[in-house]
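The next block holds one structure in the form of structure tokens; read it before the comments.
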Protein chains: 2
Amino acid sequence: MSGSPDKSQTNQVVRAPRGTEDLFGEKMARQQMIENAAREVFDVFGYKEIRTPVFEDIALFVRGIGATTDIVEKEMYTLAQGDETTFALRPEGTASVMRAYVEHNLFKSKKFQKFYYLGPIFRHERPQAGRMRQFDQIGVEVIGTYDPLADVETILLAAEIFRKIELGGFTIKLNSFGCPTCRAAYRTALREALRGVEAKLCANCKSRIDRNVFRVLDCKEAHCKELTADAPCIRDHLDDECREHFEKVKDGLEANGLAYTLDNRLVRGLDYYTKTIYEIAHPALGARDAICGGGRYDGLVEEVGGPPTGGVGFAIGVVPTMLALEKGGEGDGGKAAGPTLFVIAIGGEDRPFAFSLMTKVRREGISADTDFEGKNWKKVMRAANRDNAKYIVVIGPDERETGRFKLKEMSTGMETEADEAGLIQHLKNITQ
Amino acid sequence: MSGSPDKSQTNQVVRAPRGTEDLFGEKMARQQMIENAAREVFDVFGYKEIRTPVFEDIALFVRGIGATTDIVEKEMYTLAQGDETTFALRPEGTASVMRAYVEHNLFKSKKFQKFYYLGPIFRHERPQAGRMRQFDQIGVEVIGTYDPLADVETILLAAEIFRKIELGGFTIKLNSFGCPTCRAAYRTALREALRGVEAKLCANCKSRIDRNVFRVLDCKEAHCKELTADAPCIRDHLDDECREHFEKVKDGLEANGLAYTLDNRLVRGLDYYTKTIYEIAHPALGARDAICGGGRYDGLVEEVGGPPTGGVGFAIGVVPTMLALEKGGEGDGGKAAGPTLFVIAIGGEDRPFAFSLMTKVRREGISADTDFEGKNWKKVMRAANRDNAKYIVVIGPDERETGRFKLKEMSTGMETEADEAGLIQHLKNITQ
């Protein structure tokens, strides 16, 4: 082969990059089940898909996420291409959707939008259980409204997705992050309160007091949690508008039968949130228990160059959701389904006939398969059984000559004899 | 907002990277239609999804695609991360699937695999109509078989996807690329023949005679085509095994009713192809008319570190397929569907009630929506009509008090009066 390297190099196995994984088989089937459920719920709630590029101008993330966040400071994958701009693989999904909203002037043509997205997100963190460097998120963004019922709708939507995949036992944690004005007052109060315990906090928390003080409340270290147990609560620092908004969100959740808990420690790692913030958590996951995080971000469209515009959204982490399903779910997680018909040729001379019969069945939209490995036909029959084929038909010289086939139902062993048209009709009756 | 830059910087609009695009609205709906059709056909044909990371060790592409290909020499996006290896965004989908097959030892546990994938591919080329730097491909890989009927199956599969999306008028171009042995003989013969016209060929072709001579046949320049019209044909240089394989592929296509044309000029830009190669083309696209390219790659698994293993696959380009659909398709391209029910509140005090009614309808799996922009209710009614809502219900003080609603069918203007349970039952009857 032209340009191929020598064999000593060739025989080394190349591996997937650290912190990434290949999805196939049962795990892929489980993820498909989650994605299909989400798409169905999005349809019922009137959300439309949007897909933005996998990489963006790095300035978007600096402005949209915040220059002092861990994500922007440490965790972005940047591209080496020598273009006029520097690009990075997206480290979250919201900023890109806002960029698209502004770039395509949707604030002029159709201000109110309900978007959803599914796709990969990239963060160059230390990989560990349930935390990958490339991972999938399922998210929504409602843009063009300040209405607290929009916040409520997104929470109902996320809960409906979890209900649909039969993930029980999740809890909804609710807080308000205020607006920039009330947050400034709270920042001062929190910093002052934390100075008293600063010396005893972990190194990370110490550095966060000045850099990004709210994240101290988010620390997973038990002794930090204890030391900050009596820290001031942001909800005591809300102005009238933010407080009223929060009351309406709580009323909406109650009126629509969704239980929640107020969580003083709930903050978000991204700068752009305002007012309502929430997390959906699953107890099966231990300390890092979030399967969904979201909230309102009324300043974000303006931040990326558009007019002042309200917005609210969430992102579901597919990996933690799948972990929660495995550990605490009720669903069967999507078993691999076999073909409706497996066509088995006895000898090589029977194969073209068998293949054409299979093709005719497939043209009716009925799943059908055959062997491509040249295995002995009795081995093929065992493989068809293992692969959960519902029916088999064996093709030998007799079947080719007479045009009559024995259709065997694998679960009962019952055989039906029919010609080609009858066989297809029988399979159609069964699958419809 | 903490860490936000000053306003002069903020008001600049960040744009999507050159050569990438945002998908939403009608274009997104069309692509979803194509993807859903493909997934249905994959199911019928017994192909299972695989998802590999978006970036890979650059060595994989050098070995799998070939060091002297345009893709590897010029078109890869590399990552700047200072890890021990260099990574690149994948410039095609096949090498990654082979890498996954070898890394997870599938050649030991389940040698025969039929995979499909959908997802973004990245090439740093000059953007032009129908050619993006990030673009989606829908592909399949059949691994673990040397059977010519597997080649036939992949072509039938691609054709079935195009049939399903109602794209008529495509043609199937077929050729053989031989094995490395017959290709070496052909390479020499082709080079010799081209020396005679070398001086008159375009600069690109001239440089390709030594670097990657087969690509000269692929040149889109009219005068190059003319000069190479009588170039030797690879099918006259096939050994017995390759010739017999090709005959069986042709027989299989004929036996299953698929018309094709033999194309002497058909070559592939990737080094790894062997024996059968094919392209599906659409005349509406002009010179660059391929909507699907594929073929057999019996050396590829070995090339990335596995045992000798047969394989065949294709990739459908979503962008050219959508262009062909727009220009020459018969389908309607997926019109945006509206919600089944739009709930309209007359005043602000009617909204919580209207919202809860909507939530109950959604819980039955029926799509429903309401206004979040605080518009006057008459404007909302017009918007609901424009968005193709099938039914509306207006909620005012009377409806809240009596619990009886008028369900209005938008296409006929007919009204049905019912209580909550009756309204939901009526909508269920209609949508099932």
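Identifiers for the structure tokens are assigned positionally: chains receive A, B, ... in sequence, residues are indexed from 1 per chain, and ligands are indexed from 1 in the order shown.
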**OP:** Residues of chain A near chain B: apply a cut-off of 6 Å, count only C-alpha atoms, and supply the list as a PyMOL selection string.
**Re:** chain A and resi 1+3+10-13+17+22-24+44-45+50-52+56+66-67+78-80+145+180+256+303+305+356+366-367+373
Onto chain B, please fit chain A by least squares using all C-alpha atoms in order, then return the transformed chain as a compact mmCIF listing (two decimals) with C-alpha atoms, in the first residue's frame.
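Once everything was written out, this is selection07.txt:
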# COMPACT_ATOMS: atom_id res chain seq x y z
CA MET A 1 -20.77 39.85 36.31
CA SER A 2 -17.45 38.65 37.69
CA GLY A 3 -14.62 38.67 35.22
CA SER A 4 -16.61 40.09 32.33
CA PRO A 5 -14.69 42.28 29.90
CA ASP A 6 -15.53 45.93 29.26
CA LYS A 7 -18.48 46.86 27.06
CA SER A 8 -16.53 48.04 24.01
CA GLN A 9 -15.25 44.50 23.63
CA THR A 10 -18.55 42.95 24.62
CA ASN A 11 -20.55 44.45 21.81
CA GLN A 12 -18.51 42.81 19.09
CA VAL A 13 -20.30 39.79 17.70
CA VAL A 14 -18.31 36.56 17.77
CA ARG A 15 -18.93 34.47 14.66
CA ALA A 16 -18.85 30.75 13.93
CA PRO A 17 -15.45 29.60 12.62
CA ARG A 18 -14.99 29.91 8.85
CA GLY A 19 -16.22 26.81 7.03
CA THR A 20 -18.59 25.77 9.82
CA GLU A 21 -22.30 26.39 10.16
CA ASP A 22 -25.12 26.37 12.68
CA LEU A 23 -27.98 24.00 11.87
CA PHE A 24 -31.45 24.97 13.07
CA GLY A 25 -34.94 25.57 11.67
CA GLU A 26 -35.89 24.06 8.32
CA LYS A 27 -32.37 22.97 7.39
CA MET A 28 -32.03 21.11 10.71
CA ALA A 29 -35.44 19.49 10.10
CA ARG A 30 -34.28 18.29 6.67
CA GLN A 31 -31.09 16.82 8.13
CA GLN A 32 -33.09 15.11 10.90
CA MET A 33 -35.32 13.59 8.23
CA ILE A 34 -32.24 12.15 6.46
CA GLU A 35 -30.73 10.84 9.70
CA ASN A 36 -33.99 9.27 10.85
CA ALA A 37 -34.41 7.55 7.49
CA ALA A 38 -30.84 6.24 7.69
CA ARG A 39 -31.37 4.92 11.21
CA GLU A 40 -34.52 3.09 10.14
CA VAL A 41 -32.72 1.47 7.20
CA PHE A 42 -29.74 0.53 9.40
CA ASP A 43 -32.15 -1.21 11.73
CA VAL A 44 -33.71 -3.20 8.90
CA PHE A 45 -30.24 -4.20 7.61
CA GLY A 46 -28.92 -5.13 11.07
CA TYR A 47 -26.28 -2.41 11.49
CA LYS A 48 -25.52 -1.13 15.02
CA GLU A 49 -24.32 2.35 15.94
CA ILE A 50 -20.76 3.07 17.06
CA ARG A 51 -19.45 6.45 18.27
CA THR A 52 -15.74 7.11 18.43
CA PRO A 53 -14.09 10.27 19.86
CA VAL A 54 -14.05 13.42 17.75
CA PHE A 55 -10.23 13.56 17.98
CA GLU A 56 -7.61 10.79 17.75
CA ASP A 57 -3.86 10.22 17.93
CA ILE A 58 -2.52 11.68 14.69
CA ALA A 59 -0.55 8.43 14.08
CA LEU A 60 -3.87 6.66 13.44
CA PHE A 61 -4.63 8.83 10.44
CA VAL A 62 -1.07 8.71 9.10
CA ARG A 63 -1.18 4.91 9.17
CA GLY A 64 -4.84 4.39 8.31
CA ILE A 65 -5.33 6.99 5.58
CA GLY A 66 -1.80 7.22 4.17
CA ALA A 67 1.03 9.70 4.73
CA THR A 68 0.96 11.06 1.16
CA THR A 69 -2.76 11.78 0.93
CA ASP A 70 -3.99 15.39 0.76
CA ILE A 71 -5.97 14.81 3.94
CA VAL A 72 -2.98 13.84 6.05
CA GLU A 73 -0.51 16.21 4.37
CA LYS A 74 -2.59 19.37 4.46
CA GLU A 75 -6.10 19.15 5.85
CA MET A 76 -6.03 18.04 9.48
CA TYR A 77 -6.94 20.20 12.46
CA THR A 78 -4.42 19.40 15.19
CA LEU A 79 -4.86 20.08 18.90
CA ALA A 80 -2.40 22.28 20.79
CA GLN A 81 -2.61 20.36 24.10
CA GLY A 82 0.82 19.46 25.42
CA ASP A 83 0.15 15.78 26.00
CA GLU A 84 2.60 13.03 25.16
CA THR A 85 0.81 12.49 21.82
CA THR A 86 -0.43 14.82 19.13
CA PHE A 87 -4.15 14.70 18.44
CA ALA A 88 -6.15 15.69 15.38
CA LEU A 89 -9.85 16.15 14.75
CA ARG A 90 -10.91 13.16 12.67
CA PRO A 91 -10.70 13.88 8.93
CA GLU A 92 -12.80 10.79 8.06
CA GLY A 93 -14.66 8.14 10.01
CA THR A 94 -13.31 4.73 8.99
CA ALA A 95 -9.86 4.70 10.64
CA SER A 96 -11.39 5.44 14.06
CA VAL A 97 -13.86 2.56 13.78
CA MET A 98 -11.02 0.20 12.85
CA ARG A 99 -8.98 1.51 15.80
CA ALA A 100 -11.92 0.79 18.13
CA TYR A 101 -12.33 -2.69 16.59
CA VAL A 102 -8.68 -3.50 17.33
CA GLU A 103 -8.42 -1.72 20.71
CA HIS A 104 -11.42 -3.60 22.12
CA ASN A 105 -10.20 -6.94 20.71
CA LEU A 106 -13.42 -7.46 18.80
CA PHE A 107 -11.47 -9.65 16.34
CA LYS A 108 -11.29 -12.15 19.21
CA SER A 109 -14.70 -11.86 20.86
CA LYS A 110 -17.00 -11.09 17.92
CA LYS A 111 -15.07 -10.92 14.70
CA PHE A 112 -17.95 -10.06 12.39
CA GLN A 113 -19.43 -6.60 13.02
CA LYS A 114 -21.77 -4.33 11.10
CA PHE A 115 -21.39 -0.78 12.42
CA TYR A 116 -22.88 2.55 11.42
CA TYR A 117 -21.97 6.05 12.53
CA LEU A 118 -23.34 9.56 12.14
CA GLY A 119 -21.28 12.60 13.04
CA PRO A 120 -18.95 15.46 12.26
CA ILE A 121 -15.76 15.17 10.19
CA PHE A 122 -13.15 17.95 9.95
CA ARG A 123 -10.94 19.04 7.07
CA HIS A 124 -9.06 22.30 6.88
CA GLU A 125 -9.74 22.91 3.19
CA ARG A 126 -10.66 26.11 1.38
CA PRO A 127 -14.43 26.43 2.02
CA GLN A 128 -16.68 26.60 -1.05
CA ALA A 129 -20.25 25.73 -2.05
CA GLY A 130 -21.06 22.30 -0.65
CA ARG A 131 -17.64 21.90 0.99
CA MET A 132 -17.34 22.80 4.66
CA ARG A 133 -14.51 22.45 7.18
CA GLN A 134 -16.83 20.70 9.63
CA PHE A 135 -19.36 18.48 7.86
CA ASP A 136 -21.45 15.47 8.74
CA GLN A 137 -21.09 11.97 7.35
CA ILE A 138 -23.31 8.94 7.69
CA GLY A 139 -21.23 5.83 7.27
CA VAL A 140 -21.10 2.07 7.69
CA GLU A 141 -18.27 -0.40 8.23
CA VAL A 142 -18.70 -4.16 7.78
CA ILE A 143 -15.70 -5.82 9.40
CA GLY A 144 -14.62 -9.46 9.43
CA THR A 145 -15.65 -10.72 5.99
CA TYR A 146 -14.14 -11.08 2.51
CA ASP A 147 -17.55 -11.97 1.03
CA PRO A 148 -18.41 -10.01 -2.18
CA LEU A 149 -22.08 -10.10 -1.11
CA ALA A 150 -21.11 -7.86 1.83
CA ASP A 151 -19.95 -5.29 -0.73
CA VAL A 152 -23.30 -5.71 -2.49
CA GLU A 153 -25.18 -5.29 0.80
CA THR A 154 -23.53 -1.94 1.54
CA ILE A 155 -24.44 -0.61 -1.91
CA LEU A 156 -28.04 -1.83 -1.51
CA LEU A 157 -28.09 -0.17 1.91
CA ALA A 158 -26.93 3.23 0.63
CA ALA A 159 -29.40 3.06 -2.26
CA GLU A 160 -32.20 2.18 0.18
CA ILE A 161 -31.41 5.28 2.28
CA PHE A 162 -31.61 7.50 -0.81
CA ARG A 163 -34.82 5.80 -1.87
CA LYS A 164 -36.30 6.35 1.59
CA ILE A 165 -35.60 10.10 1.54
CA GLU A 166 -37.15 10.20 -1.95
CA LEU A 167 -33.97 11.26 -3.70
CA GLY A 168 -34.42 10.02 -7.26
CA GLY A 169 -32.03 10.13 -10.19
CA PHE A 170 -28.82 9.00 -8.49
CA THR A 171 -26.36 6.71 -10.28
CA ILE A 172 -24.04 4.04 -8.95
CA LYS A 173 -20.48 4.07 -10.33
CA LEU A 174 -18.46 0.91 -9.85
CA ASN A 175 -14.82 0.01 -10.25
CA SER A 176 -12.21 -2.28 -8.70
CA PHE A 177 -9.07 -0.91 -7.05
CA GLY A 178 -7.45 -4.37 -7.00
CA CYS A 179 -5.20 -5.65 -4.26
CA PRO A 180 -1.74 -4.17 -3.48
CA THR A 181 -0.19 -6.66 -5.95
CA CYS A 182 -2.32 -5.87 -8.99
CA ARG A 183 -2.29 -2.21 -8.05
CA ALA A 184 1.52 -2.09 -8.15
CA ALA A 185 1.50 -3.40 -11.72
CA TYR A 186 -1.20 -0.92 -12.67
CA ARG A 187 0.65 1.98 -11.01
CA THR A 188 3.68 1.34 -13.22
CA ALA A 189 1.55 1.06 -16.37
CA LEU A 190 -0.39 4.23 -15.55
CA ARG A 191 2.73 6.26 -14.78
CA GLU A 192 4.33 5.19 -18.04
CA ALA A 193 1.23 6.10 -20.03
CA LEU A 194 0.95 9.51 -18.35
CA ARG A 195 4.57 10.48 -19.00
CA GLY A 196 3.55 11.10 -22.61
CA VAL A 197 1.08 13.84 -21.69
CA GLU A 198 2.72 15.02 -18.45
CA ALA A 199 3.82 18.43 -19.80
CA LYS A 200 0.24 19.38 -20.69
CA LEU A 201 -1.41 18.32 -17.41
CA CYS A 202 -2.36 20.79 -14.67
CA ALA A 203 0.19 21.47 -11.90
CA ASN A 204 -1.72 19.33 -9.42
CA CYS A 205 -1.78 16.34 -11.77
CA LYS A 206 1.90 16.77 -12.60
CA SER A 207 2.87 16.48 -8.96
CA ARG A 208 0.49 13.57 -8.47
CA ILE A 209 2.13 11.37 -11.11
CA ASP A 210 4.90 10.57 -8.64
CA ARG A 211 3.08 11.13 -5.37
CA ASN A 212 -0.32 9.51 -5.84
CA VAL A 213 -0.78 8.72 -9.52
CA PHE A 214 -4.32 7.30 -9.29
CA ARG A 215 -5.69 10.70 -8.30
CA VAL A 216 -4.77 12.03 -11.78
CA LEU A 217 -7.79 10.07 -13.05
CA ASP A 218 -9.91 11.94 -10.52
CA CYS A 219 -8.95 15.45 -11.71
CA LYS A 220 -11.98 17.66 -12.42
CA GLU A 221 -10.16 19.82 -15.04
CA ALA A 222 -11.70 19.27 -18.50
CA HIS A 223 -8.36 19.33 -20.39
CA CYS A 224 -6.77 16.82 -17.99
CA LYS A 225 -9.76 14.53 -18.47
CA GLU A 226 -9.34 14.75 -22.20
CA LEU A 227 -5.59 14.08 -22.10
CA THR A 228 -6.08 11.00 -19.92
CA ALA A 229 -9.15 9.62 -21.74
CA ASP A 230 -7.19 6.66 -23.10
CA ALA A 231 -5.21 5.93 -19.93
CA PRO A 232 -4.98 2.23 -19.05
CA CYS A 233 -7.84 0.82 -16.97
CA ILE A 234 -7.13 -0.90 -13.67
CA ARG A 235 -9.65 -3.65 -14.41
CA ASP A 236 -7.31 -4.88 -17.18
CA HIS A 237 -4.63 -5.41 -14.51
CA LEU A 238 -6.60 -7.45 -11.95
CA ASP A 239 -5.36 -10.86 -10.84
CA ASP A 240 -7.72 -13.86 -10.83
CA GLU A 241 -8.92 -13.43 -7.29
CA CYS A 242 -9.68 -9.72 -7.65
CA ARG A 243 -11.39 -10.30 -11.01
CA GLU A 244 -13.55 -13.10 -9.63
CA HIS A 245 -14.52 -10.96 -6.61
CA PHE A 246 -15.56 -8.14 -8.92
CA GLU A 247 -17.68 -10.48 -11.08
CA LYS A 248 -19.56 -11.64 -7.99
CA VAL A 249 -20.24 -8.05 -6.91
CA LYS A 250 -21.66 -7.26 -10.35
CA ASP A 251 -23.76 -10.45 -10.31
CA GLY A 252 -25.08 -9.59 -6.85
CA LEU A 253 -26.12 -6.08 -7.87
CA GLU A 254 -27.85 -7.43 -10.97
CA ALA A 255 -29.62 -10.23 -9.08
CA ASN A 256 -30.97 -7.66 -6.62
CA GLY A 257 -32.15 -5.22 -9.24
CA LEU A 258 -29.65 -2.41 -8.79
CA ALA A 259 -28.37 -0.71 -11.96
CA TYR A 260 -24.75 0.51 -12.04
CA THR A 261 -22.21 1.86 -14.50
CA LEU A 262 -18.58 0.79 -14.71
CA ASP A 263 -16.30 3.82 -14.26
CA ASN A 264 -12.64 3.49 -15.30
CA ARG A 265 -11.80 6.81 -13.68
CA LEU A 266 -13.21 5.98 -10.29
CA VAL A 267 -10.42 6.00 -7.70
CA ARG A 268 -10.42 6.92 -4.03
CA GLY A 269 -8.32 9.54 -2.27
CA LEU A 270 -7.63 7.24 0.67
CA ASP A 271 -4.89 4.61 0.45
CA TYR A 272 -6.71 1.87 2.27
CA TYR A 273 -9.18 0.69 -0.37
CA THR A 274 -8.87 -2.73 -2.03
CA LYS A 275 -10.97 -4.49 -4.68
CA THR A 276 -14.48 -3.04 -4.92
CA ILE A 277 -14.80 0.76 -4.94
CA TYR A 278 -17.98 2.70 -5.69
CA GLU A 279 -19.52 6.10 -5.69
CA ILE A 280 -23.12 7.16 -5.73
CA ALA A 281 -23.52 10.39 -7.67
CA HIS A 282 -26.32 12.84 -8.33
CA PRO A 283 -26.43 14.79 -11.63
CA ALA A 284 -27.97 17.87 -9.96
CA LEU A 285 -24.61 18.56 -8.28
CA GLY A 286 -22.44 19.30 -11.34
CA ALA A 287 -18.73 18.37 -11.38
CA ARG A 288 -18.46 17.34 -7.70
CA ASP A 289 -21.40 14.99 -7.88
CA ALA A 290 -20.62 12.32 -5.22
CA ILE A 291 -23.17 11.88 -2.43
CA CYS A 292 -21.66 8.59 -1.22
CA GLY A 293 -18.29 6.93 -1.56
CA GLY A 294 -17.23 3.52 -0.44
CA GLY A 295 -15.44 0.30 -1.04
CA ARG A 296 -13.53 -2.59 0.38
CA TYR A 297 -10.46 -2.12 2.64
CA ASP A 298 -9.05 -5.58 3.40
CA GLY A 299 -5.69 -4.22 4.65
CA LEU A 300 -6.94 -1.58 7.06
CA VAL A 301 -7.48 -3.52 10.30
CA GLU A 302 -3.94 -4.90 9.94
CA GLU A 303 -2.64 -1.40 9.21
CA VAL A 304 -3.88 -0.13 12.59
CA GLY A 305 -2.44 -3.09 14.50
CA GLY A 306 -4.95 -5.96 14.20
CA PRO A 307 -4.86 -9.30 12.36
CA PRO A 308 -5.58 -9.57 8.60
CA THR A 309 -9.31 -8.86 8.37
CA GLY A 310 -11.65 -8.13 5.47
CA GLY A 311 -13.88 -5.08 5.54
CA VAL A 312 -16.10 -2.89 3.40
CA GLY A 313 -17.95 0.36 4.02
CA PHE A 314 -19.16 3.70 2.74
CA ALA A 315 -19.69 7.28 3.86
CA ILE A 316 -22.62 9.42 2.74
CA GLY A 317 -21.98 13.16 2.69
CA VAL A 318 -24.92 14.86 4.36
CA VAL A 319 -24.25 18.27 2.81
CA PRO A 320 -24.15 17.06 -0.84
CA THR A 321 -27.15 14.83 -0.14
CA MET A 322 -29.13 17.81 1.14
CA LEU A 323 -28.02 19.87 -1.87
CA ALA A 324 -29.12 17.09 -4.23
CA LEU A 325 -32.47 16.87 -2.41
CA GLU A 326 -33.01 20.62 -2.78
CA LYS A 327 -32.08 20.66 -6.44
CA GLY A 328 -33.34 17.33 -7.65
CA GLY A 329 -35.33 15.66 -4.91
CA GLU A 330 -38.95 14.70 -4.89
CA GLY A 331 -39.53 14.90 -1.11
CA ASP A 332 -40.99 17.96 0.60
CA GLY A 333 -37.85 18.22 2.75
CA GLY A 334 -39.61 18.06 6.10
CA LYS A 335 -42.01 20.89 6.97
CA ALA A 336 -41.94 22.26 10.53
CA ALA A 337 -44.78 20.71 12.50
CA GLY A 338 -46.62 22.74 15.13
CA PRO A 339 -47.87 21.60 18.53
CA THR A 340 -51.13 19.66 18.81
CA LEU A 341 -52.46 22.15 21.36
CA PHE A 342 -51.63 25.80 22.02
CA VAL A 343 -52.97 27.09 25.35
CA ILE A 344 -53.69 30.84 25.41
CA ALA A 345 -54.18 32.83 28.63
CA ILE A 346 -56.23 36.03 28.32
CA GLY A 347 -54.67 37.85 31.28
CA GLY A 348 -51.58 37.40 33.46
CA GLU A 349 -53.80 36.00 36.27
CA ASP A 350 -54.95 33.23 33.91
CA ARG A 351 -51.42 32.06 33.14
CA PRO A 352 -50.68 29.69 36.04
CA PHE A 353 -53.97 27.86 35.30
CA ALA A 354 -53.23 27.75 31.56
CA PHE A 355 -49.69 26.51 32.22
CA SER A 356 -50.92 23.69 34.46
CA LEU A 357 -53.50 22.60 31.85
CA MET A 358 -50.69 22.48 29.26
CA THR A 359 -48.54 20.39 31.60
CA LYS A 360 -51.35 17.84 32.04
CA VAL A 361 -51.73 17.53 28.27
CA ARG A 362 -47.97 17.07 27.84
CA ARG A 363 -47.96 14.32 30.47
CA GLU A 364 -50.15 12.30 28.08
CA GLY A 365 -47.39 12.54 25.46
CA ILE A 366 -49.35 15.11 23.44
CA SER A 367 -47.34 18.11 22.24
CA ALA A 368 -48.58 21.37 23.72
CA ASP A 369 -47.23 24.88 24.11
CA THR A 370 -48.07 28.35 25.44
CA ASP A 371 -46.75 31.92 25.18
CA PHE A 372 -43.72 32.99 27.26
CA GLU A 373 -43.26 36.46 25.82
CA GLY A 374 -46.13 38.22 27.61
CA LYS A 375 -47.85 39.06 24.35
CA ASN A 376 -51.48 40.26 24.08
CA TRP A 377 -53.71 37.18 23.74
CA LYS A 378 -54.99 38.10 20.26
CA LYS A 379 -51.39 38.32 19.03
CA VAL A 380 -50.73 34.96 20.64
CA MET A 381 -53.65 33.47 18.73
CA ARG A 382 -52.22 34.71 15.44
CA ALA A 383 -48.77 33.33 16.39
CA ALA A 384 -50.30 29.93 17.24
CA ASN A 385 -51.90 29.86 13.81
CA ARG A 386 -48.64 30.81 12.10
CA ASP A 387 -46.80 28.08 14.01
CA ASN A 388 -49.24 25.44 12.72
CA ALA A 389 -50.88 24.62 16.07
CA LYS A 390 -53.62 22.07 15.37
CA TYR A 391 -55.90 23.13 18.24
CA ILE A 392 -56.10 26.11 20.58
CA VAL A 393 -57.87 26.63 23.87
CA VAL A 394 -58.33 30.12 25.38
CA ILE A 395 -58.28 30.43 29.18
CA GLY A 396 -60.03 33.40 30.87
CA PRO A 397 -61.83 33.88 34.20
CA ASP A 398 -64.92 31.96 32.94
CA GLU A 399 -62.92 28.87 32.00
CA ARG A 400 -61.07 28.91 35.30
CA GLU A 401 -64.31 29.16 37.24
CA THR A 402 -66.42 26.62 35.33
CA GLY A 403 -63.63 24.19 34.40
CA ARG A 404 -65.12 23.92 30.93
CA PHE A 405 -63.07 24.73 27.82
CA LYS A 406 -63.66 25.37 24.13
CA LEU A 407 -61.20 23.37 22.06
CA LYS A 408 -60.90 24.98 18.64
CA GLU A 409 -59.62 23.09 15.60
CA MET A 410 -57.59 25.62 13.60
CA SER A 411 -58.03 24.11 10.13
CA THR A 412 -61.86 23.99 10.32
CA GLY A 413 -62.71 26.58 13.01
CA MET A 414 -64.88 23.91 14.69
CA GLU A 415 -65.19 24.14 18.47
CA THR A 416 -65.69 21.27 20.94
CA GLU A 417 -66.72 22.07 24.51
CA ALA A 418 -65.37 19.80 27.24
CA ASP A 419 -64.06 19.67 30.79
CA GLU A 420 -60.41 18.90 31.45
CA ALA A 421 -60.73 15.11 31.20
CA GLY A 422 -62.84 15.39 28.06
CA LEU A 423 -60.39 17.78 26.42
CA ILE A 424 -57.48 15.44 27.10
CA GLN A 425 -59.45 12.40 25.91
CA HIS A 426 -60.44 14.23 22.73
CA LEU A 427 -56.81 15.11 21.97
CA LYS A 428 -55.74 11.52 22.69
CA ASN A 429 -58.36 10.15 20.30
CA ILE A 430 -57.15 12.48 17.58
CA THR A 431 -53.44 11.86 17.94
CA GLN A 432 -53.58 8.08 18.17
Tell me, which residues of region 215-287 of chain A carry DSSP helix (DSSP H, G or I), written as a VMD selection string?
chain A and resid 215 to 218 222 to 227 234 to 237 240 to 255 283 to 285
